[in-house]
>>> print(open('final10.txt').read())   # compact mmCIF, C-alpha atoms
# COMPACT_ATOMS: atom_id res chain seq x y z
CA MET A 1 124.46 104.02 127.92
CA LYS A 2 123.31 105.49 124.59
CA ASN A 3 124.08 102.22 122.82
CA ASN A 4 122.01 100.30 125.37
CA SER A 5 119.09 102.69 124.85
CA VAL A 6 119.24 102.20 121.08
CA ILE A 7 119.40 98.41 121.45
CA ILE A 8 116.44 98.46 123.85
CA LEU A 9 114.46 100.67 121.45
CA ILE A 10 115.17 98.33 118.53
CA CYS A 11 114.17 95.28 120.58
CA MET A 12 110.93 97.01 121.59
CA ALA A 13 110.15 97.79 117.94
CA LEU A 14 110.77 94.18 116.90
CA PHE A 15 108.67 92.90 119.81
CA ALA A 16 105.81 95.21 118.81
CA VAL A 17 105.95 93.92 115.22
CA ASN A 18 105.81 90.31 116.44
CA VAL A 19 102.92 91.00 118.82
CA CYS A 20 100.95 92.81 116.13
CA ASN A 21 101.62 90.05 113.61
CA SER A 22 100.56 87.29 116.01
CA LYS A 23 97.38 89.12 117.03
CA ASN A 24 96.46 89.74 113.41
CA ASN A 25 97.27 86.26 112.12
CA ASN A 26 93.63 85.22 111.92
CA GLY A 27 93.43 84.78 108.17
CA ASN A 28 93.19 88.49 107.45
CA ASN A 29 96.06 89.77 105.36
CA GLN A 30 97.47 92.78 107.24
CA THR A 31 99.74 93.96 104.44
CA VAL A 32 99.45 96.72 101.91
CA GLU A 33 97.12 95.53 99.18
CA ILE A 34 97.33 97.65 96.09
CA MET A 35 94.37 96.90 93.87
CA GLU A 36 94.44 96.70 90.08
CA ASP A 37 93.50 100.37 89.80
CA LYS A 38 96.00 101.28 92.58
CA THR A 39 93.39 103.42 94.35
CA GLN A 40 92.56 101.22 97.34
CA VAL A 41 95.32 100.58 99.84
CA LYS A 42 94.96 98.43 102.95
CA GLU A 43 97.31 99.55 105.71
CA PRO A 44 100.10 97.36 107.07
CA VAL A 45 100.26 96.44 110.76
CA LEU A 46 102.32 99.50 111.75
CA GLY A 47 100.29 101.85 109.56
CA LEU A 48 100.89 103.19 106.10
CA GLY A 49 102.04 106.72 106.91
CA ASN A 50 102.31 109.57 104.43
CA LEU A 51 102.94 109.35 100.70
CA ILE A 52 106.49 110.46 99.90
CA THR A 53 107.73 111.34 96.45
CA ALA A 54 111.10 113.08 96.87
CA ASN A 55 113.95 110.67 96.08
CA PHE A 56 111.60 107.82 95.07
CA SER A 57 110.47 106.51 91.68
CA GLY A 58 106.87 105.44 92.21
CA ASP A 59 104.66 105.45 95.29
CA ALA A 60 106.13 104.96 98.76
CA TRP A 61 104.77 105.71 102.22
CA LEU A 62 106.71 106.74 105.32
CA LYS A 63 105.57 106.40 108.93
CA MET A 64 107.92 107.64 111.62
CA LEU A 65 107.90 105.25 114.59
CA SER A 66 110.44 106.91 116.90
CA THR A 67 112.34 110.19 116.66
CA GLN A 68 113.23 110.79 120.31
CA PRO A 69 116.21 113.21 120.37
CA GLU A 70 117.67 111.61 123.50
CA TYR A 71 118.11 108.31 121.60
CA ASP A 72 119.83 110.00 118.63
CA CYS A 73 118.19 107.32 116.48
CA ASN A 74 115.25 107.42 114.06
CA ILE A 75 113.07 104.36 113.48
CA TYR A 76 110.56 104.41 110.63
CA ASN A 77 108.38 102.15 108.50
CA VAL A 78 108.61 102.48 104.70
CA THR A 79 106.20 100.76 102.30
CA PHE A 80 107.01 100.63 98.57
CA ALA A 81 104.41 99.96 95.85
CA PRO A 82 105.46 97.25 93.35
CA GLY A 83 108.41 98.45 91.25
CA THR A 84 109.09 101.49 93.45
CA ARG A 85 112.62 102.18 94.63
CA ASN A 86 114.49 105.06 96.17
CA ASN A 87 117.35 106.93 94.51
CA TRP A 88 120.99 106.03 94.93
CA HIS A 89 122.08 107.41 98.29
CA SER A 90 124.44 106.96 101.22
CA HIS A 91 124.40 107.62 104.97
CA ALA A 92 127.39 109.16 106.77
CA VAL A 93 127.13 106.66 109.66
CA GLY A 94 125.09 103.86 108.07
CA GLN A 95 121.57 102.43 108.16
CA ILE A 96 119.80 99.21 109.18
CA LEU A 97 116.81 97.71 107.36
CA LEU A 98 114.49 95.13 108.98
CA CYS A 99 112.37 93.58 106.22
CA THR A 100 108.80 92.92 107.37
CA GLU A 101 106.49 92.40 104.37
CA GLY A 102 106.63 91.51 100.69
CA VAL A 103 109.64 91.10 98.43
CA GLY A 104 112.25 93.77 97.84
CA TYR A 105 115.81 94.39 96.73
CA TYR A 106 118.90 96.10 98.12
CA GLN A 107 121.88 96.96 95.94
CA GLU A 108 125.22 98.59 96.63
CA ARG A 109 126.75 100.39 93.66
CA GLY A 110 128.92 98.02 91.63
CA LYS A 111 127.58 94.86 93.32
CA PRO A 112 124.73 92.46 92.49
CA ALA A 113 121.36 93.20 94.10
CA GLN A 114 120.21 91.14 97.08
CA ARG A 115 116.64 89.82 97.13
CA LEU A 116 114.93 90.68 100.44
CA GLN A 117 112.08 88.91 102.23
CA PRO A 118 110.43 89.22 105.65
CA GLY A 119 112.93 88.50 108.39
CA ASP A 120 115.98 89.69 106.43
CA VAL A 121 118.21 92.29 108.07
CA VAL A 122 120.47 94.57 106.04
CA ASN A 123 123.33 96.36 107.79
CA ILE A 124 124.43 99.17 105.48
CA PRO A 125 127.95 100.45 106.19
CA ALA A 126 128.77 104.15 106.44
CA ASN A 127 129.10 106.06 103.15
CA THR A 128 128.00 103.07 101.05
CA VAL A 129 126.10 104.18 97.94
CA HIS A 130 123.00 102.00 97.60
CA TRP A 131 119.28 101.81 96.86
CA HIS A 132 116.41 99.66 98.12
CA GLY A 133 112.85 99.08 96.97
CA ALA A 134 110.12 96.68 95.94
CA ALA A 135 110.22 93.82 93.47
CA PRO A 136 108.38 94.54 90.20
CA ASP A 137 105.46 92.32 91.22
CA SER A 138 105.33 92.81 95.00
CA ARG A 139 104.89 95.58 97.49
CA PHE A 140 107.66 95.74 100.10
CA THR A 141 107.85 97.08 103.66
CA HIS A 142 110.85 97.55 105.91
CA ILE A 143 111.60 99.18 109.22
CA GLY A 144 114.53 101.54 108.77
CA ILE A 145 116.86 102.47 111.59
CA THR A 146 119.11 105.50 111.28
CA PRO A 147 121.62 105.56 114.16
CA LYS A 148 123.48 108.64 115.36
CA VAL A 149 121.06 110.97 113.58
CA SER A 150 123.05 114.00 114.75
CA GLU A 151 126.02 112.78 112.66
CA ASN A 152 124.25 110.69 110.01
CA SER A 153 123.26 112.88 107.09
CA ALA A 154 121.98 111.21 103.94
CA GLU A 155 123.44 112.17 100.59
CA TRP A 156 120.87 111.68 97.83
CA LEU A 157 122.30 111.00 94.40
CA GLY A 158 120.69 110.26 91.03
CA GLU A 159 117.76 108.03 90.21
CA VAL A 160 118.14 104.29 89.75
CA THR A 161 117.42 104.06 86.03
CA ASP A 162 114.87 101.62 84.64
CA GLU A 163 117.77 99.77 83.00
CA GLU A 164 119.69 99.49 86.30
CA TYR A 165 116.56 98.33 88.11
CA THR A 166 115.60 95.75 85.46
CA GLU A 167 119.13 94.32 85.46
CA ALA A 168 119.22 94.22 89.29
CA VAL A 169 115.95 92.33 89.74
CA LYS A 170 116.51 89.65 87.05
>>> encode(input="final10.txt", output="structure tokens")
Amino acid sequence: MKNNSVIILICMALFAVNVCNSKNNNGNNQTVEIMEDKTQVKEPVLGLGNLITANFSGDAWLKMLSTQPEYDCNIYNVTFAPGTRNNWHSHAVGQILLCTEGVGYYQERGKPAQRLQPGDVVNIPANTVHWHGAAPDSRFTHIGITPKVSENSAEWLGEVTDEEYTEAVK
């Protein structure tokens, strides 16, 4: 039953994104627009959320979409400014990323980075050390899904160095 609830919640989130995108597809760009001086930010469809700095290099915003304890699943929207990425980390149970805006990257330690675009889905296995973030020249937004929150602690490791990032996004 819990699995069905999580699947229904995910489907509802995806449906909401599609409805919002179709209603706003009137020529107005509903993505984060970071101006040259980086002071004016236009909110994405699901909202920008709060600026977060812990475990990120650069500016990123987090908006929690669902944290209902009975689902044991968190769903959240993360927007990365160009060049921003999170630190190396892992999740005890895993994580799912639904890419919605811009261009980003996902990399597991020891493997080549994967370029991400809207519509891409990343299923991150349990205890897999990885990072994700924006391309150097593009903002990036994804919906993150953390299943089994009660068992799924994140272990934050060191920063992704500039050298690691530059090599990954070549």
>>> atom_distance(input="final10.txt", atom1="CA of Ala126 (chain A)", atom2="CA of Asp162 (chain A)")
26.0 Å
>>> atom_distance(input="final10.txt", atom1="CA of Gly104 (chain A)", atom2="CA of Val149 (chain A)")
24.9 Å
>>> closest_atom_pairs(input="final10.txt", of="region 27-112 of chain A", to="region 131-142 of chain A", cutoff="6 Å", atoms="all atoms listed in the file", output="JSON lines")
{"residue": "A:Asn77", "atom": "CA", "partner": "A:His142", "partner_atom": "CA", "distance": 5.8}
{"residue": "A:Val78", "atom": "CA", "partner": "A:His142", "partner_atom": "CA", "distance": 5.5}
{"residue": "A:Thr79", "atom": "CA", "partner": "A:Thr141", "partner_atom": "CA", "distance": 4.3}
{"residue": "A:Phe80", "atom": "CA", "partner": "A:Phe140", "partner_atom": "CA", "distance": 5.2}
{"residue": "A:Ala81", "atom": "CA", "partner": "A:Arg139", "partner_atom": "CA", "distance": 4.7}
{"residue": "A:Pro82", "atom": "CA", "partner": "A:Arg139", "partner_atom": "CA", "distance": 4.5}
{"residue": "A:Gly83", "atom": "CA", "partner": "A:Pro136", "partner_atom": "CA", "distance": 4.0}
{"residue": "A:Thr84", "atom": "CA", "partner": "A:Ala134", "partner_atom": "CA", "distance": 5.5}
{"residue": "A:Arg85", "atom": "CA", "partner": "A:Gly133", "partner_atom": "CA", "distance": 3.9}
{"residue": "A:Asn86", "atom": "CA", "partner": "A:Trp131", "partner_atom": "CA", "distance": 5.8}
{"residue": "A:Asn87", "atom": "CA", "partner": "A:Trp131", "partner_atom": "CA", "distance": 6.0}
{"residue": "A:Trp88", "atom": "CA", "partner": "A:Trp131", "partner_atom": "CA", "distance": 4.9}
{"residue": "A:Leu98", "atom": "CA", "partner": "A:His142", "partner_atom": "CA", "distance": 5.3}
{"residue": "A:Cys99", "atom": "CA", "partner": "A:His142", "partner_atom": "CA", "distance": 4.3}
{"residue": "A:Thr100", "atom": "CA", "partner": "A:His142", "partner_atom": "CA", "distance": 5.3}
{"residue": "A:Glu101", "atom": "CA", "partner": "A:Thr141", "partner_atom": "CA", "distance": 4.9}
{"residue": "A:Gly102", "atom": "CA", "partner": "A:Phe140", "partner_atom": "CA", "distance": 4.4}
{"residue": "A:Val103", "atom": "CA", "partner": "A:Phe140", "partner_atom": "CA", "distance": 5.3}
{"residue": "A:Gly104", "atom": "CA", "partner": "A:Ala134", "partner_atom": "CA", "distance": 4.1}
{"residue": "A:Tyr105", "atom": "CA", "partner": "A:His132", "partner_atom": "CA", "distance": 5.5}
{"residue": "A:Tyr106", "atom": "CA", "partner": "A:His132", "partner_atom": "CA", "distance": 4.3}
{"residue": "A:Gln107", "atom": "CA", "partner": "A:Trp131", "partner_atom": "CA", "distance": 5.6}
>>> closest_residue(input="final10.txt", among="A:Val129, A:Leu116, A:Ala92, A:Val169", to="Asn152 (chain A)", atoms="only C-alpha atoms")
A:Ala92
>>> residues_around(input="final10.txt", residues="Ile75 (chain A)", least_positions_apart="5", cutoff="8 Å", atoms="all atoms listed in the file", output="MDAnalysis selection string")
chainID A and resid 64:67 143:146
>>> atom_distance(input="final10.txt", atom1="CA of Asn123 (chain A)", atom2="CA of Leu97 (chain A)")
6.7 Å
>>> axis_aligned_box(input="final10.txt", around="region 80-92 of chain A", padding_each_side="5 Å", output="JSON")
{"center_x": 115.9, "center_y": 103.2, "center_z": 99.0, "size_x": 33.0, "size_y": 21.9, "size_z": 25.5}
>>> closest_residue(input="final10.txt", among="A:Val93, A:Leu62, A:Ala54, A:Leu157", to="Ile124 (chain A)", atoms="all atoms listed in the file")
A:Val93
>>> residues_around(input="final10.txt", residues="Pro69 (chain A)", least_positions_apart="5", cutoff="10 Å", atoms="all atoms listed in the file", output="list of chain:residue names")
A:Asn74, A:Lys148, A:Val149, A:Ser150
